[in-house]
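Q: Pasting structure11.pdb below, which is PDB, C-alpha atoms and all ligand atoms.
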```
ATOM      1  CA  MET A 767     -21.739  56.646  45.629
ATOM      2  CA  ILE A 768     -20.103  55.007  48.624
ATOM      3  CA  ASP A 769     -21.630  52.878  51.367
ATOM      4  CA  MET A 770     -19.116  52.146  54.113
ATOM      5  CA  HIS A 771     -21.381  49.955  56.230
ATOM      6  CA  CYS A 772     -23.866  47.657  54.560
ATOM      7  CA  HIS A 773     -25.049  44.096  55.302
ATOM      8  CA  LEU A 774     -25.222  43.033  51.647
ATOM      9  CA  ASP A 775     -25.981  39.405  52.488
ATOM     10  CA  LEU A 776     -29.013  40.238  54.617
ATOM     11  CA  TYR A 777     -31.222  41.871  51.960
ATOM     12  CA  SER A 778     -34.270  39.831  50.997
ATOM     13  CA  ASP A 779     -33.403  40.133  47.289
ATOM     14  CA  VAL A 780     -29.623  39.991  47.084
ATOM     15  CA  GLY A 781     -29.641  39.546  43.288
ATOM     16  CA  GLU A 782     -31.478  42.811  42.779
ATOM     17  CA  ILE A 783     -28.996  44.598  45.050
ATOM     18  CA  VAL A 784     -26.001  43.179  43.185
ATOM     19  CA  ASP A 785     -27.490  44.345  39.847
ATOM     20  CA  GLY A 786     -28.170  47.770  41.352
ATOM     21  CA  LEU A 787     -24.577  48.117  42.555
ATOM     22  CA  GLU A 788     -23.342  47.605  39.018
ATOM     23  CA  ALA A 789     -25.934  49.981  37.514
ATOM     24  CA  ASN A 790     -25.191  52.704  40.072
ATOM     25  CA  GLY A 791     -21.410  52.249  40.271
ATOM     26  CA  THR A 792     -21.655  52.032  44.048
ATOM     27  CA  TYR A 793     -18.660  51.234  46.269
ATOM     28  CA  VAL A 794     -19.608  49.070  49.250
ATOM     29  CA  LEU A 795     -17.922  47.916  52.394
ATOM     30  CA  ALA A 796     -19.893  44.730  53.047
ATOM     31  CA  VAL A 797     -19.740  44.106  56.775
ATOM     32  CA  THR A 798     -20.489  40.644  58.151
ATOM     33  CA  THR A 799     -21.879  39.454  61.448
ATOM     34  CA  THR A 800     -19.982  36.152  61.878
ATOM     35  CA  PRO A 801     -16.711  34.667  60.573
ATOM     36  CA  LYS A 802     -18.768  32.023  58.706
ATOM     37  CA  ALA A 803     -20.812  34.722  57.001
ATOM     38  CA  TYR A 804     -17.548  36.352  55.930
ATOM     39  CA  ILE A 805     -16.533  33.152  54.105
ATOM     40  CA  GLY A 806     -19.979  33.031  52.456
ATOM     41  CA  ASN A 807     -19.716  36.698  51.457
ATOM     42  CA  ILE A 808     -16.316  36.112  49.855
ATOM     43  CA  GLU A 809     -17.829  33.306  47.772
ATOM     44  CA  ARG A 810     -20.862  35.367  46.818
ATOM     45  CA  PHE A 811     -19.509  38.888  46.380
ATOM     46  CA  GLY A 812     -15.739  38.431  46.269
ATOM     47  CA  SER A 813     -15.558  38.965  42.519
ATOM     48  CA  LEU A 814     -17.547  42.228  42.477
ATOM     49  CA  LYS A 815     -15.325  45.101  41.463
ATOM     50  CA  ARG A 816     -16.483  47.790  43.877
ATOM     51  CA  VAL A 817     -17.272  45.581  46.862
ATOM     52  CA  ARG A 818     -14.899  44.963  49.763
ATOM     53  CA  ILE A 819     -15.789  42.405  52.386
ATOM     54  CA  ALA A 820     -15.069  42.864  56.065
ATOM     55  CA  VAL A 821     -14.803  40.045  58.569
ATOM     56  CA  GLY A 822     -16.829  40.572  61.718
ATOM     57  CA  LEU A 823     -18.515  39.223  64.780
ATOM     58  CA  HIS A 824     -21.453  41.432  65.660
ATOM     59  CA  PRO A 825     -21.415  42.454  69.338
ATOM     60  CA  GLU A 826     -25.052  41.373  69.700
ATOM     61  CA  LEU A 827     -23.981  37.831  68.743
ATOM     62  CA  VAL A 828     -20.905  37.581  70.958
ATOM     63  CA  GLY A 829     -22.866  35.995  73.804
ATOM     64  CA  GLN A 830     -23.838  33.009  71.622
ATOM     65  CA  ARG A 831     -20.693  32.866  69.511
ATOM     66  CA  PHE A 832     -17.821  33.730  71.813
ATOM     67  CA  GLU A 833     -16.029  30.528  70.804
ATOM     68  CA  GLU A 834     -15.708  31.878  67.234
ATOM     69  CA  LEU A 835     -13.176  34.485  68.388
ATOM     70  CA  PRO A 836     -10.152  32.415  67.228
ATOM     71  CA  ASP A 837     -11.701  32.102  63.723
ATOM     72  CA  LEU A 838     -12.241  35.842  63.645
ATOM     73  CA  LEU A 839      -8.673  36.595  64.711
ATOM     74  CA  ARG A 840      -7.268  34.168  62.142
ATOM     75  CA  LEU A 841      -9.341  35.656  59.281
ATOM     76  CA  ILE A 842      -8.269  39.197  60.182
ATOM     77  CA  GLY A 843      -4.859  38.081  58.928
ATOM     78  CA  ALA A 844      -6.284  37.523  55.462
ATOM     79  CA  THR A 845      -8.152  40.801  54.827
ATOM     80  CA  LYS A 846      -7.663  44.522  55.296
ATOM     81  CA  TYR A 847     -11.301  44.987  56.314
ATOM     82  CA  VAL A 848     -12.816  44.253  59.719
ATOM     83  CA  GLY A 849     -16.456  44.727  60.796
ATOM     84  CA  GLU A 850     -18.972  44.618  62.151
ATOM     85  CA  VAL A 851     -17.263  44.534  65.508
ATOM     86  CA  GLY A 852     -17.602  46.619  68.639
ATOM     87  CA  ILE A 853     -19.631  46.769  71.797
ATOM     88  CA  ASP A 854     -23.367  47.075  72.446
ATOM     89  CA  GLY A 855     -24.204  48.513  75.856
ATOM     90  CA  GLY A 856     -27.941  47.806  75.634
ATOM     91  CA  ARG A 857     -29.584  46.095  78.590
ATOM     92  CA  GLU A 858     -30.569  43.114  76.429
ATOM     93  CA  HIS A 859     -26.857  42.347  75.919
ATOM     94  CA  ALA A 860     -25.642  43.127  79.429
ATOM     95  CA  ALA A 861     -24.925  39.442  80.160
ATOM     96  CA  SER A 862     -22.316  39.325  77.399
ATOM     97  CA  PHE A 863     -20.785  42.741  78.050
ATOM     98  CA  GLN A 864     -17.472  41.434  79.420
ATOM     99  CA  GLN A 865     -17.176  38.939  76.564
ATOM    100  CA  GLN A 866     -17.850  41.755  74.107
ATOM    101  CA  VAL A 867     -15.059  43.819  75.648
ATOM    102  CA  THR A 868     -12.736  40.809  75.398
ATOM    103  CA  VAL A 869     -13.585  40.170  71.744
ATOM    104  CA  PHE A 870     -13.293  43.820  70.759
ATOM    105  CA  SER A 871      -9.983  44.282  72.592
ATOM    106  CA  GLU A 872      -8.532  41.114  71.057
ATOM    107  CA  VAL A 873      -9.636  42.257  67.597
ATOM    108  CA  LEU A 874      -8.006  45.654  68.101
ATOM    109  CA  ARG A 875      -4.771  44.090  69.351
ATOM    110  CA  ARG A 876      -4.706  41.775  66.354
ATOM    111  CA  CYS A 877      -5.266  44.722  63.977
ATOM    112  CA  ARG A 878      -2.445  46.635  65.642
ATOM    113  CA  SER A 879      -0.025  43.718  65.464
ATOM    114  CA  LEU A 880      -0.775  43.285  61.751
ATOM    115  CA  GLY A 881       0.088  46.910  61.028
ATOM    116  CA  GLY A 882      -3.469  48.231  60.903
ATOM    117  CA  ARG A 883      -6.876  47.428  59.450
ATOM    118  CA  LEU A 884      -9.961  49.360  58.410
ATOM    119  CA  ILE A 885     -12.456  48.610  61.201
ATOM    120  CA  SER A 886     -16.198  49.377  61.115
ATOM    121  CA  ILE A 887     -17.263  49.731  64.727
ATOM    122  CA  HIS A 888     -20.616  49.416  66.488
ATOM    123  CA  SER A 889     -20.771  51.428  69.722
ATOM    124  CA  ARG A 890     -24.458  51.694  70.626
ATOM    125  CA  LEU A 891     -24.809  52.773  74.281
ATOM    126  CA  ALA A 892     -21.130  51.883  74.771
ATOM    127  CA  SER A 893     -19.343  54.848  73.289
ATOM    128  CA  ASP A 894     -17.189  55.353  76.375
ATOM    129  CA  THR A 895     -16.048  51.719  76.531
ATOM    130  CA  VAL A 896     -15.310  51.630  72.788
ATOM    131  CA  LEU A 897     -13.181  54.770  73.035
ATOM    132  CA  GLU A 898     -11.364  53.360  76.083
ATOM    133  CA  CYS A 899     -10.519  50.175  74.173
ATOM    134  CA  LEU A 900      -9.295  52.163  71.162
ATOM    135  CA  THR A 901      -7.188  54.359  73.424
ATOM    136  CA  ASP A 902      -5.713  51.401  75.329
ATOM    137  CA  VAL A 903      -4.671  49.517  72.208
ATOM    138  CA  GLY A 904      -3.327  52.475  70.243
ATOM    139  CA  HIS A 905      -2.577  52.252  66.520
ATOM    140  CA  VAL A 906      -5.201  49.882  65.167
ATOM    141  CA  GLY A 907      -5.352  51.320  61.638
ATOM    142  CA  GLU A 908      -8.416  53.212  60.412
ATOM    143  CA  PRO A 909     -11.324  52.902  62.851
ATOM    144  CA  ILE A 910     -14.732  54.003  61.554
ATOM    145  CA  LEU A 911     -17.417  54.658  64.161
ATOM    146  CA  HIS A 912     -20.613  53.616  62.419
ATOM    147  CA  TRP A 913     -23.980  55.273  63.237
ATOM    148  CA  TYR A 914     -22.245  56.963  66.141
ATOM    149  CA  GLY A 915     -24.200  58.271  69.116
ATOM    150  CA  GLY A 916     -21.574  59.737  71.436
ATOM    151  CA  SER A 917     -21.486  63.121  73.122
ATOM    152  CA  GLU A 918     -19.936  66.212  71.634
ATOM    153  CA  TYR A 919     -16.856  65.718  73.789
ATOM    154  CA  GLU A 920     -16.540  62.073  72.730
ATOM    155  CA  ILE A 921     -16.858  63.055  69.076
ATOM    156  CA  SER A 922     -14.009  65.523  69.301
ATOM    157  CA  TYR A 923     -11.925  63.043  71.294
ATOM    158  CA  ALA A 924     -12.585  60.249  68.772
ATOM    159  CA  ALA A 925     -11.657  62.519  65.865
ATOM    160  CA  GLN A 926      -8.471  63.454  67.712
ATOM    161  CA  ILE A 927      -7.412  59.803  68.054
ATOM    162  CA  GLY A 928      -7.985  59.228  64.331
ATOM    163  CA  CYS A 929     -11.523  57.879  64.078
ATOM    164  CA  TRP A 930     -13.718  58.325  61.034
ATOM    165  CA  PHE A 931     -17.510  58.455  61.279
ATOM    166  CA  SER A 932     -19.897  56.837  58.815
ATOM    167  CA  VAL A 933     -23.318  58.489  58.765
ATOM    168  CA  GLY A 934     -26.395  57.650  56.734
ATOM    169  CA  PRO A 935     -29.898  58.797  55.837
ATOM    170  CA  GLY A 936     -31.416  56.651  58.610
ATOM    171  CA  MET A 937     -29.297  58.228  61.321
ATOM    172  CA  LEU A 938     -29.809  61.765  60.026
ATOM    173  CA  THR A 939     -33.598  61.632  59.982
ATOM    174  CA  ASN A 940     -33.705  61.531  63.761
ATOM    175  CA  ARG A 941     -32.918  64.587  65.803
ATOM    176  CA  ARG A 942     -30.279  62.955  67.947
ATOM    177  CA  GLY A 943     -28.425  61.642  64.887
ATOM    178  CA  ALA A 944     -28.553  65.073  63.302
ATOM    179  CA  ARG A 945     -27.080  66.607  66.471
ATOM    180  CA  VAL A 946     -24.244  64.088  66.382
ATOM    181  CA  ALA A 947     -23.586  64.829  62.710
ATOM    182  CA  GLU A 948     -23.472  68.528  63.444
ATOM    183  CA  ALA A 949     -20.558  67.908  65.803
ATOM    184  CA  ILE A 950     -18.556  65.580  63.548
ATOM    185  CA  PRO A 951     -15.750  67.388  61.713
ATOM    186  CA  LEU A 952     -16.515  67.410  57.988
ATOM    187  CA  ASP A 953     -13.085  66.030  57.133
ATOM    188  CA  ARG A 954     -13.878  62.865  59.138
ATOM    189  CA  ILE A 955     -17.277  62.013  57.631
ATOM    190  CA  LEU A 956     -18.030  59.016  55.409
ATOM    191  CA  LEU A 957     -21.364  57.661  54.174
ATOM    192  CA  GLU A 958     -23.218  54.471  55.032
ATOM    193  CA  THR A 959     -26.702  52.988  54.892
ATOM    194  CA  ASP A 960     -26.532  50.103  57.415
ATOM    195  CA  GLY A 961     -28.963  48.429  55.019
ATOM    196  CA  PRO A 962     -31.131  46.472  55.248
ATOM    197  CA  PHE A 963     -31.453  47.654  58.872
ATOM    198  CA  GLY A 964     -31.136  51.319  57.920
ATOM    199  CA  THR A 965     -34.492  52.746  56.875
ATOM    200  CA  VAL A 966     -36.136  56.075  56.127
ATOM    201  CA  GLY A 967     -39.835  55.900  56.882
ATOM    202  CA  ASN A 968     -40.915  52.503  55.586
ATOM    203  CA  MET A 969     -38.201  52.359  52.946
ATOM    204  CA  VAL A 970     -35.284  49.976  53.389
ATOM    205  CA  LEU A 971     -32.140  51.792  52.291
ATOM    206  CA  LYS A 972     -30.123  50.297  49.457
ATOM    207  CA  PRO A 973     -26.390  50.935  49.156
ATOM    208  CA  TRP A 974     -26.782  53.635  46.494
ATOM    209  CA  ASP A 975     -29.190  55.549  48.769
ATOM    210  CA  SER A 976     -26.258  56.605  50.980
ATOM    211  CA  GLY A 977     -26.038  59.810  48.895
ATOM    212  CA  GLN A 978     -29.336  61.034  50.348
ATOM    213  CA  ALA A 979     -27.262  61.935  53.393
ATOM    214  CA  ILE A 980     -25.484  64.634  51.383
ATOM    215  CA  SER A 981     -28.544  66.915  51.290
ATOM    216  CA  GLN A 982     -29.243  66.202  54.950
ATOM    217  CA  LEU A 983     -25.652  67.037  55.918
ATOM    218  CA  ALA A 984     -25.721  70.220  53.836
ATOM    219  CA  GLU A 985     -28.737  71.390  55.801
ATOM    220  CA  ILE A 986     -27.355  70.299  59.184
ATOM    221  CA  LYS A 987     -23.958  71.907  58.617
ATOM    222  CA  GLY A 988     -25.190  74.933  56.676
ATOM    223  CA  VAL A 989     -22.879  74.448  53.711
ATOM    224  CA  SER A 990     -23.544  73.595  50.077
ATOM    225  CA  ARG A 991     -24.282  70.090  48.877
ATOM    226  CA  GLU A 992     -21.346  70.376  46.521
ATOM    227  CA  LYS A 993     -19.010  71.133  49.438
ATOM    228  CA  ILE A 994     -20.320  68.105  51.358
ATOM    229  CA  ARG A 995     -20.079  65.843  48.318
ATOM    230  CA  SER A 996     -16.540  66.875  47.363
ATOM    231  CA  THR A 997     -15.265  66.655  50.951
ATOM    232  CA  ILE A 998     -16.693  63.175  51.445
ATOM    233  CA  LEU A 999     -15.169  61.989  48.170
ATOM    234  CA  GLU A1000     -11.846  63.452  49.270
ATOM    235  CA  ASN A1001     -12.167  61.671  52.646
ATOM    236  CA  PHE A1002     -12.839  58.415  50.830
ATOM    237  CA  LYS A1003      -9.774  58.955  48.660
ATOM    238  CA  ILE A1004      -7.558  59.641  51.672
ATOM    239  CA  LEU A1005      -8.886  56.531  53.418
ATOM    240  CA  SER A1006      -8.443  54.376  50.278
ATOM    241  CA  ASN A1007      -4.818  55.457  49.981
ATOM    242  CA  LYS A1008      -4.185  54.561  53.596
ATOM    243  CA  ILE A1009      -5.798  51.159  53.106
ATOM    244  CA  GLN A1010      -3.729  50.505  50.009
ATOM    245  CA  ARG A1011      -0.616  50.905  52.093
ATOM    246  CA  MET A1012      -1.763  48.310  54.621
ATOM    247  CA  SER A1013      -0.368  44.875  54.083
ATOM    248  CA  ILE A1014      -2.070  41.532  54.362
ATOM    249  CA  GLU A1015      -0.169  39.082  56.487
ATOM    250  CA  ARG A1016       0.522  35.752  54.863
ATOM    251  CA  ARG A1017      -1.726  32.931  55.926
ATOM    252  CA  ARG A1018       1.072  30.750  57.250
ATOM    253  CA  LYS A1019       2.092  33.460  59.708
ATOM    254  CA  THR A1020      -1.426  33.629  61.108
ATOM    255  CA  ALA A1021      -1.794  29.902  61.770
TER     256      ALA A1021
HETATM  257 MN    MN B   1     -24.748  47.203  61.013
END
```
Mind converting the file's structure to structure tokens?
Ligand code: MN
A:
Amino acid sequence: MIDMHCHLDLYSDVGEIVDGLEANGTYVLAVTTTPKAYIGNIERFGSLKRVRIAVGLHPELVGQRFEELPDLLRLIGATKYVGEVGIDGGREHAASFQQQVTVFSEVLRRCRSLGGRLISIHSRLASDTVLECLTDVGHVGEPILHWYGGSEYEISYAAQIGCWFSVGPGMLTNRRGARVAEAIPLDRILLETDGPFGTVGNMVLKPWDSGQAISQLAEIKGVSREKIRSTILENFKILSNKIQRMSIERRRKTA
């Protein structure tokens, strides 16, 4: 199974999760919330075969950590994976909104100038601004809208400009999330859990639980589970090939 958006370092029992990844053969994009956490994740999970670590600065933390932007931009030179980044339009983060737009735009420009990155993007209540930034900057690589909540029009627009969408069991258990998933083209869908924040009922999702979304998607889209499963694996393969072709800029160039 594949989990394209998971906060591996934030589980209460990280050891158990690491063992489970091996036992289940799960591929994980481990997103991070600060540049420092990225360094820690590299030390902790960097040797795991199926884990890739993304460097991020969570939009909800930008207000307190705006000065870490240069670290973030520098580290983007050393990895193909970026996230969690993006914009949160919630009222509780309104004071940092402009800083969030600055950080996100700078990140996108950096990704473009490096020839592209995979980018896992948070866009809660800021779908329009996120799409504007993506449109303004242009070829940023492979943007993945995680737990997306945009309108039907925004979904088709985002797909048109090359966005992927990662959806998970947590998102699909609510009616709004299911409506969004219904509108996402099948050939643009990837799986995620957003664990340990992603939950179903009282259960915290673990990376290998991302596959629960396959049955949910089959029901939502009215096609077989096998069709959903094979298409998502194909999407993952296409994305992996694109990522393989991305280059990592040498450290000295990024200084
Ligand atoms: Mn997240």
Q: Nearest to ligand MN 1 (chain B): which of A:Ile783, A:Val851, A:Leu957, A:Ile980 is it, counting only C-alpha atoms and all ligand atoms?
A: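 Of the candidates, the smallest distance to ligand MN 1 (chain B) is held by A:Val851.
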Q: Return as a ChimeraX atom specification the set of residues that the PyMOL selection byres (((chain A and resi 825) around 12) and not hetatm) yields on the displayed structure.
A: /A:798-800,822-824,826-832,835,849-856,858-870,873,886-892,896
Q: Between atom CA of Ser996 of chain A and atom CA of His905 of chain A, what is the spacing in Å?
A: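 Here the two named atoms are 27.9 Å from each other.
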Q: From the set A:Leu839, A:Ala820, A:Ile808, A:Leu787, which residue has the shortest atom-to-atom contact distance to ligand MN 1 (chain B), counting only C-alpha atoms and all ligand atoms?
A: A:Ala820
Q: Translate the PyMOL selection byres (((chain A and resi 794) around 7) and not hetatm) into a concrete residue list for this structure, as a list in words.
A: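 Against this file, the PyMOL selection byres (((chain A and resi 794) around 7) and not hetatm) returns the residues Ile768, Asp769, Met770, Cys772, Thr792, Tyr793, Leu795, Ala796, Arg816, Val817 and Arg818 of chain A.
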Q: What is the distance, in Å and to one decimal place, between atom CA of Cys877 of chain A and atom CA of Ala925 of chain A?
A: 19.0 Å
Q: Can you work out which one of A:Arg876, A:Lys815, A:Arg954, A:His912 has the shortest atom-to-atom distance to ligand MN 1 (chain B), counting only C-alpha atoms and all ligand atoms?
A: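 Checking each of A:Arg876, A:Lys815, A:Arg954, A:His912 against ligand MN 1 (chain B), counting only C-alpha atoms and all ligand atoms, the winner is A:His912.
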Q: Carefully work through the PyMOL selection byres (((chain A and resi 967-971) around 10) and not hetatm) for this structure and note down the residues it includes, as a list in words.
A: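 On this input, the PyMOL selection byres (((chain A and resi 967-971) around 10) and not hetatm) captures Cys772, Tyr777, Gly934, Pro935, Gly936, Thr939, Glu958, Thr959, Asp960, Gly961, Pro962, Phe963, Gly964, Thr965, Val966, Lys972, Pro973, Trp974, Asp975, Ser976 and Gln978 of chain A.
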Q: Here is a test: counting all atoms listed in the file, which residue of A:Thr901, A:Ser1013, A:Gln982, A:Thr997 is nearest to Gln926 of chain A?
A: A:Thr901
Q: Have a look at A:Glu872, A:Ser990, A:Glu833, A:Ser932 and name the one nearest to ligand MN 1 (chain B); count all atoms listed in the file.
A: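 Comparing A:Glu872, A:Ser990, A:Glu833, A:Ser932 against ligand MN 1 (chain B), the winner is A:Ser932.
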Q: Excluding segment 941-944 of chain A and residues on its chain fewer than 2 positions from it, collect all residues at most 8 Å away from it, counting all atoms listed in the file, and give them as number ranges by chain.
A: A: 913-915, 937-939, 946-948, 986
Q: Find the residue from A:Glu898, A:Glu908, A:Glu1000, A:Glu985 that sits nearest to Asp953 of chain A; use all atoms listed in the file when measuring.
A: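 For Asp953 of chain A, the nearest of the given residues is A:Glu1000.
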Q: Around all listed atoms of segment 832-838 of chain A, padded 5 Å per side, what centre and edge lengths does the axis-aligned box have in Å to one decimal, as lines of an AutoDock Vina configuration file?
A:
```
center_x = -14.0
center_y = 33.2
center_z = 67.7
size_x = 17.7
size_y = 15.3
size_z = 18.2
```
Q: What is the atom CA of Gly904 of chain A to atom CA of Phe931 of chain A distance in Å?
A: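 Separation between atom CA of Gly904 of chain A and atom CA of Phe931 of chain A: 17.8 Å.
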Q: Can you list, as a PyMOL selection string, every protein, DNA or RNA residue that comes within 12 Å of Arg1011 of chain A when you count all atoms listed in the file, leaving out same-chain residues fewer than 6 positions away?
A: chain A and resi 846+881-884+907-908+1004-1005
